[in-house]
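Text of final.txt, listed as compact mmCIF, C-alpha atoms and all ligand atoms:
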# COMPACT_ATOMS: atom_id res chain seq x y z
CA MET A 29 0.00 0.00 0.00
CA GLU A 30 1.27 3.52 -0.81
CA ALA A 31 0.57 6.89 0.83
CA TYR A 32 -0.09 9.66 -1.71
CA ILE A 33 0.20 13.42 -1.34
CA TYR A 34 -2.90 14.89 -2.97
CA ASP A 35 -2.32 18.50 -2.04
CA SER A 36 0.14 20.65 -0.14
CA ILE A 37 -0.45 24.24 0.96
CA ARG A 38 0.98 26.74 3.40
CA THR A 39 0.51 30.23 4.70
CA PRO A 40 3.17 32.81 3.89
CA ARG A 41 5.70 33.18 6.71
CA GLY A 42 5.24 36.41 8.67
CA ILE A 43 7.94 38.06 10.79
CA GLY A 44 7.61 36.45 14.22
CA LYS A 45 7.65 39.66 16.22
CA LYS A 46 4.91 41.98 17.40
CA ASN A 47 5.20 44.09 14.22
CA GLY A 48 4.93 41.03 11.94
CA ALA A 49 2.04 40.86 9.47
CA LEU A 50 0.63 37.68 11.06
CA ALA A 51 1.06 38.78 14.67
CA GLN A 52 -2.62 39.72 14.84
CA VAL A 53 -3.67 36.28 13.63
CA SER A 54 -4.09 33.46 16.12
CA PRO A 55 -2.36 30.16 15.34
CA VAL A 56 -5.79 28.47 15.22
CA GLN A 57 -6.78 30.93 12.48
CA LEU A 58 -3.62 30.14 10.52
CA VAL A 59 -4.54 26.45 10.46
CA THR A 60 -8.24 27.11 9.88
CA THR A 61 -7.37 29.24 6.84
CA LEU A 62 -5.51 26.29 5.37
CA LEU A 63 -8.16 23.68 6.19
CA LYS A 64 -10.83 25.80 4.51
CA ALA A 65 -8.62 26.35 1.45
CA LEU A 66 -7.85 22.63 1.22
CA LYS A 67 -11.56 21.87 1.24
CA GLU A 68 -12.32 24.48 -1.41
CA ARG A 69 -9.55 23.84 -3.88
CA ASN A 70 -10.08 20.08 -3.83
CA ASN A 71 -13.86 20.20 -3.65
CA LEU A 72 -13.26 17.85 -0.74
CA ASP A 73 -15.93 15.66 0.77
CA THR A 74 -14.83 16.46 4.31
CA SER A 75 -16.87 13.61 5.79
CA LEU A 76 -14.11 11.29 4.52
CA VAL A 77 -11.23 13.10 6.26
CA GLU A 78 -10.50 11.15 9.43
CA ASP A 79 -7.85 13.01 11.37
CA VAL A 80 -5.72 16.15 11.53
CA VAL A 81 -2.16 15.41 12.70
CA LEU A 82 -0.46 18.69 13.48
CA GLY A 83 3.04 19.52 14.65
CA CYS A 84 3.38 22.38 17.12
CA VAL A 85 6.43 22.88 19.32
CA THR A 86 5.46 25.47 21.89
CA GLN A 87 2.18 24.00 23.10
CA ALA A 88 1.23 26.67 25.60
CA GLY A 89 -1.35 29.45 25.75
CA GLU A 90 -3.27 29.63 22.48
CA GLN A 91 -1.14 26.81 21.05
CA GLY A 92 -1.87 24.56 24.03
CA GLY A 93 -4.64 22.08 24.75
CA ASN A 94 -4.50 20.26 21.39
CA ILE A 95 -4.63 23.17 18.94
CA ALA A 96 -5.23 20.71 16.08
CA LYS A 97 -8.65 19.77 17.41
CA VAL A 98 -9.65 23.40 17.93
CA ALA A 99 -8.64 24.26 14.36
CA ALA A 100 -10.43 21.17 13.01
CA GLN A 101 -13.57 22.26 14.82
CA CYS A 102 -13.32 25.85 13.53
CA ALA A 103 -12.79 24.71 9.92
CA GLY A 104 -16.27 23.25 9.75
CA TYR A 105 -15.37 19.79 8.45
CA GLY A 106 -17.86 18.17 10.84
CA ASP A 107 -17.83 16.79 14.35
CA HIS A 108 -16.47 13.44 13.18
CA LEU A 109 -13.02 14.93 12.52
CA ALA A 110 -10.41 13.80 15.05
CA ALA A 111 -7.19 15.73 15.64
CA VAL A 112 -3.88 15.38 17.47
CA SER A 113 -1.06 17.84 18.18
CA LEU A 114 2.45 16.45 18.42
CA ASN A 115 5.84 17.79 19.42
CA ARG A 116 9.04 16.40 17.97
CA TYR A 117 10.67 19.81 18.28
CA CYS A 118 11.72 21.24 14.89
CA ALA A 119 10.73 18.02 13.10
CA SER A 120 7.12 18.24 14.22
CA GLY A 121 5.60 19.22 10.86
CA LEU A 122 7.47 16.45 9.02
CA GLU A 123 6.83 13.97 11.82
CA ALA A 124 3.10 14.64 11.34
CA VAL A 125 3.45 13.86 7.61
CA ASN A 126 5.45 10.70 8.32
CA GLN A 127 2.94 9.46 10.89
CA ALA A 128 0.02 10.12 8.56
CA ALA A 129 1.82 8.32 5.72
CA ALA A 130 2.62 5.32 7.92
CA ARG A 131 -1.03 5.01 8.95
CA VAL A 132 -2.23 5.18 5.36
CA ARG A 133 0.41 2.67 4.24
CA SER A 134 -0.62 0.25 6.99
CA GLY A 135 -4.29 0.51 6.05
CA TRP A 136 -5.27 1.90 9.46
CA SER A 137 -6.45 5.18 7.88
CA ASP A 138 -7.54 6.31 4.42
CA LEU A 139 -7.41 10.10 4.45
CA ILE A 140 -5.53 12.37 6.86
CA ILE A 141 -4.49 16.01 6.91
CA ALA A 142 -0.97 16.41 8.30
CA GLY A 143 1.19 19.46 8.87
CA GLY A 144 2.16 21.98 11.48
CA VAL A 145 1.82 25.45 12.89
CA GLU A 146 3.81 27.91 14.96
CA SER A 147 3.10 31.52 15.83
CA MET A 148 6.41 32.62 17.26
CA SER A 149 5.21 36.21 17.66
CA ARG A 150 2.29 35.21 19.88
CA VAL A 151 3.68 32.10 21.61
CA PRO A 152 7.43 32.68 21.94
CA MET A 153 9.83 29.75 21.75
CA GLY A 154 10.56 28.32 25.20
CA ILE A 155 7.64 29.72 27.17
CA ASP A 156 6.33 26.20 27.74
CA GLY A 157 9.41 25.52 29.87
CA THR A 158 11.78 22.65 29.20
CA ALA A 159 12.55 19.41 30.95
CA TRP A 160 16.10 19.57 29.51
CA VAL A 161 17.19 22.29 31.90
CA MET A 162 14.98 21.24 34.81
CA GLU A 163 16.38 17.72 35.10
CA PRO A 164 19.93 17.62 36.47
CA ASP A 165 20.66 14.25 34.83
CA ALA A 166 19.88 15.72 31.39
CA ALA A 167 21.28 19.21 31.93
CA PHE A 168 24.63 19.27 33.75
CA GLY A 169 27.50 18.81 31.35
CA LYS A 170 25.19 17.40 28.71
CA PHE A 171 23.15 20.30 27.38
CA VAL A 172 23.88 23.59 25.63
CA PRO A 173 21.44 25.82 23.70
CA GLN A 174 21.15 25.18 19.97
CA GLY A 175 23.03 28.31 18.92
CA ILE A 176 26.04 27.14 20.94
CA SER A 177 25.76 23.69 19.32
CA ALA A 178 25.80 25.37 15.91
CA ASP A 179 28.92 27.34 16.84
CA LEU A 180 30.49 24.14 18.22
CA ILE A 181 29.94 22.40 14.86
CA ALA A 182 31.51 25.36 13.04
CA SER A 183 34.51 25.24 15.41
CA LYS A 184 34.91 21.45 15.25
CA TYR A 185 34.79 21.18 11.45
CA GLY A 186 36.39 24.50 10.54
CA TYR A 187 33.51 26.48 9.01
CA THR A 188 34.55 30.12 9.12
CA ARG A 189 32.39 33.21 9.49
CA ALA A 190 32.99 33.91 5.79
CA ASP A 191 31.77 30.39 4.87
CA VAL A 192 28.51 30.64 6.81
CA ASP A 193 27.85 34.20 5.65
CA GLN A 194 28.31 33.15 2.02
CA PHE A 195 25.78 30.34 2.56
CA ALA A 196 23.34 32.82 4.11
CA LEU A 197 23.69 35.22 1.20
CA THR A 198 22.89 32.42 -1.25
CA SER A 199 19.78 31.53 0.77
CA GLN A 200 18.58 35.14 0.56
CA GLN A 201 19.35 35.41 -3.17
CA ARG A 202 17.56 32.16 -3.98
CA ALA A 203 14.48 32.98 -1.87
CA THR A 204 14.31 36.48 -3.36
CA GLN A 205 14.39 35.09 -6.88
CA ALA A 206 11.89 32.29 -6.13
CA ARG A 207 9.41 34.74 -4.59
CA ALA A 208 9.83 37.20 -7.49
CA ASN A 209 9.36 34.42 -10.05
CA GLY A 210 6.20 33.20 -8.33
CA TYR A 211 7.59 29.74 -7.53
CA PHE A 212 5.79 29.68 -4.15
CA ASP A 213 2.44 30.97 -5.45
CA LYS A 214 1.01 27.55 -6.26
CA SER A 215 1.01 26.56 -2.59
CA ILE A 216 0.70 29.82 -0.68
CA ILE A 217 -2.72 30.61 0.75
CA PRO A 218 -2.92 34.32 1.62
CA VAL A 219 -4.15 35.12 5.13
CA HIS A 220 -7.05 37.60 5.47
CA ASP A 221 -8.87 39.05 8.44
CA VAL A 222 -12.58 38.49 9.09
CA ASN A 223 -13.46 41.46 6.88
CA GLY A 224 -11.51 40.06 3.97
CA PHE A 225 -8.58 42.47 4.25
CA LEU A 226 -5.22 40.94 3.49
CA HIS A 227 -2.85 40.32 6.39
CA LEU A 228 -0.13 38.71 4.27
CA GLY A 229 0.14 37.20 0.78
CA GLN A 230 3.87 36.44 0.46
CA ASP A 231 6.79 35.51 2.69
CA GLU A 232 7.65 38.56 4.74
CA TYR A 233 11.00 37.72 6.34
CA ILE A 234 13.17 37.65 3.17
CA ARG A 235 15.77 40.45 2.94
CA PRO A 236 16.45 40.93 -0.78
CA ASN A 237 19.09 43.60 -0.17
CA THR A 238 21.35 41.40 1.95
CA THR A 239 25.06 41.81 1.20
CA LEU A 240 28.15 40.02 2.44
CA GLU A 241 29.36 43.32 3.90
CA ALA A 242 26.17 43.77 5.95
CA LEU A 243 26.33 40.16 7.15
CA ALA A 244 29.98 40.57 8.13
CA GLY A 245 28.97 43.48 10.35
CA LEU A 246 26.41 41.57 12.45
CA LYS A 247 27.21 40.70 16.05
CA PRO A 248 27.46 36.97 16.90
CA SER A 249 24.21 36.07 18.68
CA PHE A 250 25.52 33.39 21.02
CA LYS A 251 28.98 34.68 22.02
CA GLN A 252 28.07 36.41 25.26
CA MET A 253 25.83 33.58 26.47
CA GLY A 254 28.45 31.02 25.43
CA GLU A 255 31.36 32.73 27.15
CA MET A 256 29.37 33.28 30.33
CA LEU A 257 27.64 29.91 30.62
CA PHE A 258 28.04 27.19 28.01
CA ASP A 259 31.29 27.20 26.00
CA GLN A 260 33.22 25.35 28.68
CA THR A 261 30.60 22.59 28.82
CA ALA A 262 30.95 22.13 25.05
CA LEU A 263 34.76 22.20 25.24
CA ASP A 264 34.83 19.68 28.10
CA LYS A 265 32.87 17.23 25.97
CA TYR A 266 34.63 17.98 22.66
CA VAL A 267 38.21 18.16 23.90
CA GLU A 268 39.60 18.25 20.36
CA VAL A 269 38.09 21.74 19.93
CA GLU A 270 40.40 24.45 21.22
CA ARG A 271 37.84 27.23 21.50
CA ILE A 272 34.32 28.01 20.32
CA ASN A 273 34.31 30.28 17.30
CA HIS A 274 30.96 32.09 17.51
CA VAL A 275 30.09 32.50 13.83
CA HIS A 276 26.28 32.46 13.91
CA HIS A 277 24.19 35.61 14.07
CA ALA A 278 20.76 36.93 13.05
CA GLY A 279 21.70 36.85 9.36
CA ASN A 280 22.87 33.23 9.11
CA SER A 281 20.49 31.57 11.62
CA SER A 282 16.87 30.66 10.97
CA GLY A 283 14.47 33.53 11.53
CA LEU A 284 11.66 33.58 14.06
CA VAL A 285 8.42 33.64 12.05
CA ASP A 286 4.71 32.75 12.08
CA GLY A 287 3.14 30.25 9.72
CA ALA A 288 1.41 26.95 9.05
CA GLY A 289 1.47 24.22 6.41
CA VAL A 290 -0.66 21.15 5.68
CA MET A 291 -0.80 18.23 3.28
CA LEU A 292 -3.67 16.01 2.24
CA ILE A 293 -2.43 12.43 2.48
CA GLY A 294 -4.41 9.35 1.52
CA SER A 295 -4.58 5.95 -0.12
CA LYS A 296 -4.94 5.29 -3.85
CA GLU A 297 -8.52 4.12 -3.39
CA ILE A 298 -9.71 7.21 -1.51
CA GLY A 299 -8.10 9.42 -4.13
CA GLU A 300 -9.96 7.60 -6.90
CA GLN A 301 -13.20 7.80 -4.94
CA LEU A 302 -12.82 11.55 -4.50
CA GLY A 303 -11.48 12.22 -7.99
CA LEU A 304 -8.19 13.58 -6.64
CA LYS A 305 -4.99 13.54 -8.66
CA PRO A 306 -2.02 12.11 -6.73
CA ARG A 307 1.10 14.29 -6.87
CA ALA A 308 3.67 12.08 -5.13
CA ILE A 309 4.09 9.03 -2.96
CA ILE A 310 5.71 9.30 0.44
CA LYS A 311 8.33 6.66 -0.08
CA MET A 312 10.16 6.67 3.24
CA GLY A 313 10.19 8.50 6.56
CA THR A 314 12.80 7.96 9.26
CA ILE A 315 13.86 9.35 12.61
CA ILE A 316 17.15 8.90 14.48
CA GLY A 317 18.80 10.06 17.69
CA SER A 318 22.42 11.27 18.00
CA GLU A 319 24.67 12.93 20.58
CA PRO A 320 22.46 15.64 22.19
CA LEU A 321 25.07 18.26 23.16
CA ILE A 322 26.28 18.88 19.62
CA MET A 323 22.60 18.33 18.78
CA LEU A 324 22.42 19.45 15.15
CA GLU A 325 24.19 16.58 13.38
CA GLY A 326 21.05 14.45 12.97
CA PRO A 327 20.27 15.17 9.27
CA THR A 328 23.20 13.07 7.97
CA PRO A 329 22.37 9.79 9.82
CA ALA A 330 18.63 10.35 9.27
CA THR A 331 19.22 10.82 5.53
CA LYS A 332 21.50 7.78 5.33
CA LYS A 333 18.92 5.66 7.12
CA ALA A 334 16.08 6.85 4.86
CA LEU A 335 18.13 6.20 1.72
CA LYS A 336 19.19 2.74 2.94
CA LYS A 337 15.65 1.71 3.85
CA ALA A 338 14.39 2.97 0.49
CA GLY A 339 17.17 1.10 -1.36
CA MET A 340 18.51 4.36 -2.77
CA LYS A 341 21.72 6.40 -2.91
CA ALA A 342 22.19 10.13 -2.40
CA THR A 343 22.77 10.39 -6.14
CA ASP A 344 19.20 9.12 -6.73
CA ILE A 345 17.77 12.29 -5.13
CA ASP A 346 16.99 15.15 -7.52
CA LEU A 347 16.40 17.83 -4.88
CA PHE A 348 17.24 18.13 -1.19
CA GLU A 349 15.58 20.39 1.36
CA VAL A 350 17.76 20.64 4.47
CA ASN A 351 16.36 22.95 7.11
CA GLU A 352 18.58 25.97 7.61
CA ALA A 353 18.25 26.03 11.39
CA PHE A 354 21.76 27.47 11.32
CA ALA A 355 24.02 27.75 8.26
CA VAL A 356 26.31 24.92 9.37
CA VAL A 357 23.46 22.39 9.37
CA PRO A 358 22.95 22.10 5.58
CA MET A 359 26.64 22.78 4.98
CA ARG A 360 27.54 19.76 7.09
CA LEU A 361 25.09 17.49 5.27
CA MET A 362 26.36 18.60 1.87
CA GLU A 363 29.92 17.82 2.94
CA ASN A 364 29.11 14.50 4.59
CA LEU A 365 27.04 13.14 1.70
CA LYS A 366 28.94 14.91 -1.09
CA VAL A 367 25.79 16.62 -2.28
CA ASP A 368 26.23 19.71 -4.41
CA HIS A 369 24.70 23.00 -3.26
CA SER A 370 23.08 23.33 -6.68
CA ILE A 371 20.43 20.75 -5.67
CA VAL A 372 20.06 21.75 -2.01
CA ASN A 373 17.52 24.39 -0.90
CA VAL A 374 17.27 25.66 -4.44
CA ASN A 375 14.66 28.26 -3.47
CA GLY A 376 16.39 29.36 -0.28
CA GLY A 377 15.59 28.22 3.23
CA ALA A 378 14.90 29.22 6.79
CA ILE A 379 17.79 31.69 6.93
CA ALA A 380 15.97 33.81 4.37
CA MET A 381 12.35 32.83 5.00
CA GLY A 382 12.29 31.85 8.66
CA HIS A 383 11.58 28.64 10.56
CA PRO A 384 8.11 28.44 12.15
CA LEU A 385 9.18 25.54 14.34
CA GLY A 386 6.19 23.18 14.21
CA ALA A 387 5.35 23.93 10.57
CA THR A 388 8.70 23.96 8.77
CA GLY A 389 9.03 20.24 8.09
CA CYS A 390 5.75 20.10 6.21
CA MET A 391 6.47 23.40 4.44
CA ILE A 392 9.87 22.37 3.07
CA LEU A 393 8.55 19.03 1.84
CA GLY A 394 5.83 20.97 -0.02
CA THR A 395 8.42 23.35 -1.46
CA ALA A 396 10.41 20.35 -2.69
CA LEU A 397 7.31 18.85 -4.34
CA ASP A 398 6.45 22.11 -6.11
CA GLU A 399 9.99 22.41 -7.37
CA LEU A 400 10.12 18.78 -8.57
CA GLU A 401 7.01 19.52 -10.62
CA ARG A 402 8.39 22.81 -11.95
CA ARG A 403 11.60 21.10 -13.07
CA ASP A 404 9.85 17.88 -14.09
CA LYS A 405 12.09 15.86 -11.79
CA SER A 406 11.19 12.80 -9.74
CA THR A 407 12.58 12.46 -6.24
CA ALA A 408 13.18 14.74 -3.26
CA LEU A 409 14.41 14.32 0.29
CA ALA A 410 13.59 16.69 3.16
CA THR A 411 15.54 16.57 6.40
CA LEU A 412 15.80 18.62 9.59
CA CYS A 413 18.01 18.70 12.64
CA VAL A 414 15.95 18.25 15.78
CA GLY A 415 16.33 19.15 19.46
CA GLY A 416 18.06 16.58 21.65
CA GLY A 417 20.19 15.36 18.74
CA MET A 418 17.41 13.82 16.70
CA GLY A 419 17.21 13.93 12.92
CA ILE A 420 14.32 13.31 10.55
CA ALA A 421 14.19 12.55 6.83
CA THR A 422 11.40 11.94 4.33
CA ILE A 423 11.69 10.85 0.70
CA ILE A 424 8.98 11.57 -1.85
CA GLU A 425 8.67 10.45 -5.44
CA ARG A 426 6.39 12.03 -8.03
CA VAL A 427 3.68 9.84 -9.45
C1 LIG B 501 19.73 34.38 15.86
C2 LIG B 501 18.61 35.08 16.66
C3 LIG B 501 18.94 35.00 18.15
C4 LIG B 501 18.57 36.53 16.20
O1 LIG B 501 17.47 37.13 16.81
P1 LIG B 501 17.31 38.73 16.85
O2 LIG B 501 18.54 39.33 17.44
O3 LIG B 501 16.00 39.00 17.48
O4 LIG B 501 17.28 39.04 15.30
P2 LIG B 501 16.80 40.34 14.56
O5 LIG B 501 15.86 39.93 13.49
O6 LIG B 501 16.35 41.38 15.54
O7 LIG B 501 18.13 40.82 13.86
C5 LIG B 501 19.20 41.39 14.60
C6 LIG B 501 19.86 42.44 13.74
O8 LIG B 501 20.40 41.79 12.59
C7 LIG B 501 19.96 42.47 11.42
N1 LIG B 501 19.86 41.48 10.33
C8 LIG B 501 19.25 40.28 10.36
N2 LIG B 501 19.36 39.68 9.16
C9 LIG B 501 20.07 40.51 8.37
C10 LIG B 501 20.51 40.46 7.03
N3 LIG B 501 20.26 39.40 6.25
N4 LIG B 501 21.22 41.51 6.54
C11 LIG B 501 21.48 42.58 7.32
N5 LIG B 501 21.09 42.69 8.60
C12 LIG B 501 20.39 41.67 9.11
C13 LIG B 501 18.61 43.04 11.82
O9 LIG B 501 18.26 44.12 11.02
C14 LIG B 501 18.86 43.47 13.23
O10 LIG B 501 19.52 44.72 13.20
P3 LIG B 501 19.19 45.84 14.32
O11 LIG B 501 19.59 45.20 15.64
O12 LIG B 501 20.03 46.98 13.90
O13 LIG B 501 17.71 46.08 14.22
C15 LIG B 501 17.22 34.42 16.38
O14 LIG B 501 16.85 34.62 15.05
C16 LIG B 501 17.25 32.95 16.68
O15 LIG B 501 17.24 32.55 17.85
N6 LIG B 501 17.26 32.09 15.64
C17 LIG B 501 17.30 30.65 15.81
C18 LIG B 501 15.97 30.13 16.23
C19 LIG B 501 16.07 28.70 16.67
O16 LIG B 501 16.83 28.34 17.54
N7 LIG B 501 15.27 27.85 16.03
C20 LIG B 501 15.37 26.45 16.25
C21 LIG B 501 16.53 25.98 15.47
S1 LIG B 501 16.85 24.28 15.54
Could you rewrite the structure in this file as structure tokens?
Amino acid sequence: MEAYIYDSIRTPRGIGKKNGALAQVSPVQLVTTLLKALKERNNLDTSLVEDVVLGCVTQAGEQGGNIAKVAAQCAGYGDHLAAVSLNRYCASGLEAVNQAAARVRSGWSDLIIAGGVESMSRVPMGIDGTAWVMEPDAAFGKFVPQGISADLIASKYGYTRADVDQFALTSQQRATQARANGYFDKSIIPVHDVNGFLHLGQDEYIRPNTTLEALAGLKPSFKQMGEMLFDQTALDKYVEVERINHVHHAGNSSGLVDGAGVMLIGSKEIGEQLGLKPRAIIKMGTIIGSEPLIMLEGPTPATKKALKKAGMKATDIDLFEVNEAFAVVPMRLMENLKVDHSIVNVNGGAIAMGHPLGATGCMILGTALDELERRDKSTALATLCVGGGMGIATIIERV
């Protein structure tokens, strides 16, 4: 049995601060906007949709209490619609897709909506607290914040400030061009207020005028915190590293943004019944764990595992989407797997467009699918680094 992607849509990403264009929109409304659009553009018989599986990382306040079910209720699909909110940190949106696909492939479900949401302007990262720092066995000598992990990777493998800034510039240039050329339009659902006025129609975070000179002038974001609290912990564990070179800053780290993304995933039979055209099969989805202090090295083992289980090689993949949590993350994967930058994040990534934690995984898989179709290529792999050292990867193949 196969799991098919029948549709994939997302909101634009809004700047995740109080002045961002989506800051007045609740995260429930972001998801509801997408569920209504999915229904409309597929002329969907919503009585056949069984479940909404939604990634959301900071499940507190208006993102708490199973936001997926609240959005499902508000979208008017009917009382039969079940919903679950899950948290696998930054992988949550892709985890939702993988879980939905696994259920369809096993025959346990026929039609599921999977995706994710995060309003970082309204529900800031970390306000739900964290067991990592509360539990001495997990914290002392074993945990550093992600920005320090990113700087540790740069220091360990010799990525310089110039290297990561050049990567960031490319992300901005590619996203700028993709937005201008309308490559995202097929999947973006504009967000309006109740009166029909437009909140946001396109990704807001991109900075088209970014230059290497401006990037070179930005202050490292994690230097002060590292020197005061965490660098020594990292150096004690990674004794081969002489000192932490703090190369990451606001211009080469993923941006804080608001947004949501969903996919309609179902079996062949349900698609035929509903007259839906399948766009791709979800061929493989994997998750791994790795050393949690350096934390961000998960994409390589997750990708290797997904490729192995699918009986494929890296050279079989036409396009990669590697979440740009920090510049070193995709750079490391490209080096480890000898994948050329020309097929990685071809329309930019989270450095330019932002990373709405719970939604990104689903969004980048959708971006990969759109781009496969635009280029008439076959296979894509999306992967993200994940808190606690985990890594996730999903392979899709066009039908
Ligand atoms: C890196 C980080 C701390 C920066 O946050 P911030 O300081 O609030 O970032 P800002 O957007 O305010 O940008 C800071 C400055 O850099 C400037 N800047 C950012 N990107 C720029 C660019 N491409 N070109 C020029 N300047 C830029 C901003 O204009 C701002 O300048 P100002 O201080 O003069 O106003 C934050 O984005 C972050 O934590 N990112 C990672 C999130 C994360 O951990 N996600 C999970 C990953 S696994």
Using all atoms listed in the file, I'd like a table of the residues in segment 203-272 of chain A that come within 8 Å of segment 175-185 of chain A; for each, show the closest atom pair and its distance in Å rounded to one decimal, ordered by chain and ascending number, as JSON lines.
{"residue": "A:Ser249", "atom": "CA", "partner": "A:Gly175", "partner_atom": "CA", "distance": 7.9}
{"residue": "A:Phe250", "atom": "CA", "partner": "A:Gly175", "partner_atom": "CA", "distance": 6.0}
{"residue": "A:Gly254", "atom": "CA", "partner": "A:Ile176", "partner_atom": "CA", "distance": 6.4}
{"residue": "A:Phe258", "atom": "CA", "partner": "A:Ile176", "partner_atom": "CA", "distance": 7.3}
{"residue": "A:Asp259", "atom": "CA", "partner": "A:Ile176", "partner_atom": "CA", "distance": 7.3}
{"residue": "A:Ala262", "atom": "CA", "partner": "A:Leu180", "partner_atom": "CA", "distance": 7.1}
{"residue": "A:Glu268", "atom": "CA", "partner": "A:Lys184", "partner_atom": "CA", "distance": 7.6}
{"residue": "A:Val269", "atom": "CA", "partner": "A:Lys184", "partner_atom": "CA", "distance": 5.7}
{"residue": "A:Arg271", "atom": "CA", "partner": "A:Ser183", "partner_atom": "CA", "distance": 7.2}
{"residue": "A:Ile272", "atom": "CA", "partner": "A:Ser183", "partner_atom": "CA", "distance": 5.6}
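Computed from the coordinates, the atom CA of Thr407 of chain A to atom CA of Ser318 of chain A distance equals 26.2 Å.
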#### Entry: Using only C-alpha atoms: which of A:Val414, A:Ala128, A:Ala244, A:Ala196 has the shortest distance to Gln174 of chain A
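Ranking A:Val414, A:Ala128, A:Ala244, A:Ala196 by distance to Gln174 of chain A, first place goes to A:Val414.
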Could you give me, as a Markdown table, every chain A residue with an atom at most 7 Å from ligand LIG 501 (chain B), plus its closest atom pair and distance in Å to one decimal, counting all atoms listed in the file, rows ordered by chain then number?
| residue | atom | partner | partner_atom | distance |
| --- | --- | --- | --- | --- |
| A:Cys118 | CA | B:LIG501 | S1 | 6.0 |
| A:Gln174 | CA | B:LIG501 | O16 | 5.9 |
| A:Gly175 | CA | B:LIG501 | O16 | 6.4 |
| A:Arg235 | CA | B:LIG501 | N3 | 5.7 |
| A:Thr238 | CA | B:LIG501 | N4 | 4.6 |
| A:Thr239 | CA | B:LIG501 | N4 | 6.6 |
| A:Ala242 | CA | B:LIG501 | C11 | 5.0 |
| A:Leu243 | CA | B:LIG501 | N4 | 5.3 |
| A:Leu246 | CA | B:LIG501 | O8 | 6.0 |
| A:Ser249 | CA | B:LIG501 | C3 | 5.4 |
| A:His277 | CA | B:LIG501 | C1 | 5.0 |
| A:Ala278 | CA | B:LIG501 | C4 | 3.9 |
| A:Gly279 | CA | B:LIG501 | N2 | 3.7 |
| A:Ser281 | CA | B:LIG501 | C1 | 5.1 |
| A:Ser282 | CA | B:LIG501 | C17 | 4.9 |
| A:Gly283 | CA | B:LIG501 | O14 | 4.4 |
| A:Leu284 | CA | B:LIG501 | O14 | 5.4 |
| A:Ala353 | CA | B:LIG501 | C21 | 4.4 |
| A:Phe354 | CA | B:LIG501 | C21 | 6.8 |
| A:His383 | CA | B:LIG501 | N7 | 6.6 |
| A:Leu385 | CA | B:LIG501 | C20 | 6.5 |
| A:Cys413 | CA | B:LIG501 | S1 | 6.4 |
| A:Val414 | CA | B:LIG501 | S1 | 6.1 |
| A:Gly415 | CA | B:LIG501 | S1 | 6.5 |
### Task
Go through A:Leu302, A:Ile155, A:Val132, A:Leu292 one by one, measure the shortest atom-to-atom distance of each to Ser36 of chain A using all atoms listed in the file, and give the residue with the smallest value.
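Smallest distance to Ser36 of chain A is found for A:Leu292.
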Size and centre in Å, one decimal, axis-aligned box, all listed segment 112-121 of chain A atoms plus 8 Å per side, as lines of an AutoDock Vina configuration file:
center_x = 3.9
center_y = 18.3
center_z = 15.1
size_x = 31.6
size_y = 21.9
size_z = 24.6
### Message
Please report the interatomic distance between atom CA of Ala410 of chain A and atom CA of Met29 of chain A in Å with one decimal.
### Response
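Computing it gives 21.8 Å between the two atoms.
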### Message
Please list as JSON, numbers by chain every residue within 9 Å of Pro248 of chain A, counting only C-alpha atoms and excluding residues in the same chain fewer than 3 positions away.
### Response
{"A": [251, 252, 274, 275, 276, 277, 278]}
List as JSON lines every residue of segment 269-302 of chain A that is in contact with segment 309-317 of chain A, defined as an atom at most 10 Å from one of its atoms (using all atoms listed in the file), together with the nearest atom pair and the distance in Å rounded to one decimal, sorted by chain and then rising number.
{"residue": "A:Ile293", "atom": "CA", "partner": "A:Ile310", "partner_atom": "CA", "distance": 9.0}
{"residue": "A:Gly294", "atom": "CA", "partner": "A:Ile309", "partner_atom": "CA", "distance": 9.6}
{"residue": "A:Ser295", "atom": "CA", "partner": "A:Ile309", "partner_atom": "CA", "distance": 9.6}
{"residue": "A:Lys296", "atom": "CA", "partner": "A:Ile309", "partner_atom": "CA", "distance": 9.8}
Write a file of the just-selected residues containing C-alpha atoms, as a tab-separated table (two decimals), in the coordinates of the input.
chain	number	residue	atom	x	y	z
A	293	ILE	CA	-2.43	12.43	2.48
A	294	GLY	CA	-4.41	9.35	1.52
A	295	SER	CA	-4.58	5.95	-0.12
A	296	LYS	CA	-4.94	5.29	-3.85
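Nearest to Asn71 of chain A of all the residues A:Leu304, A:Leu397, A:Ile379, A:Arg426 is A:Leu304, counting all atoms listed in the file.
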#### Entry: Best match for closeness to Cys102 of chain A among A:Ser120, A:Trp136, A:Val59, A:Leu82, counting all atoms listed in the file
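Distance minimum relative to Cys102 of chain A lands on A:Val59.
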### Message
I want to know what sits within 12 Å of Asp398 of chain A, based on all atoms listed in the file, with residues of the same chain fewer than 2 positions away left out; could you give that as JSON, numbers by chain?
### Response
{"A": [33, 35, 36, 37, 38, 206, 210, 211, 212, 213, 214, 215, 216, 307, 308, 347, 349, 374, 375, 391, 392, 393, 394, 395, 396, 400, 401, 402, 403, 404, 405, 406, 407, 408, 424, 425, 426]}
#### Entry: From A:Leu361, A:Asp73, A:Glu123, A:Ala65, residue lying nearest Gln301 of chain A [only C-alpha atoms]
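Checking each of A:Leu361, A:Asp73, A:Glu123, A:Ala65 against Gln301 of chain A, counting only C-alpha atoms, the winner is A:Asp73.
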### Message
Given all atoms listed in the file as the basis, pick out the residue of A:Leu412, A:Val290, A:Leu335, A:Met381 nearest to Pro358 of chain A.
### Response
A:Leu412
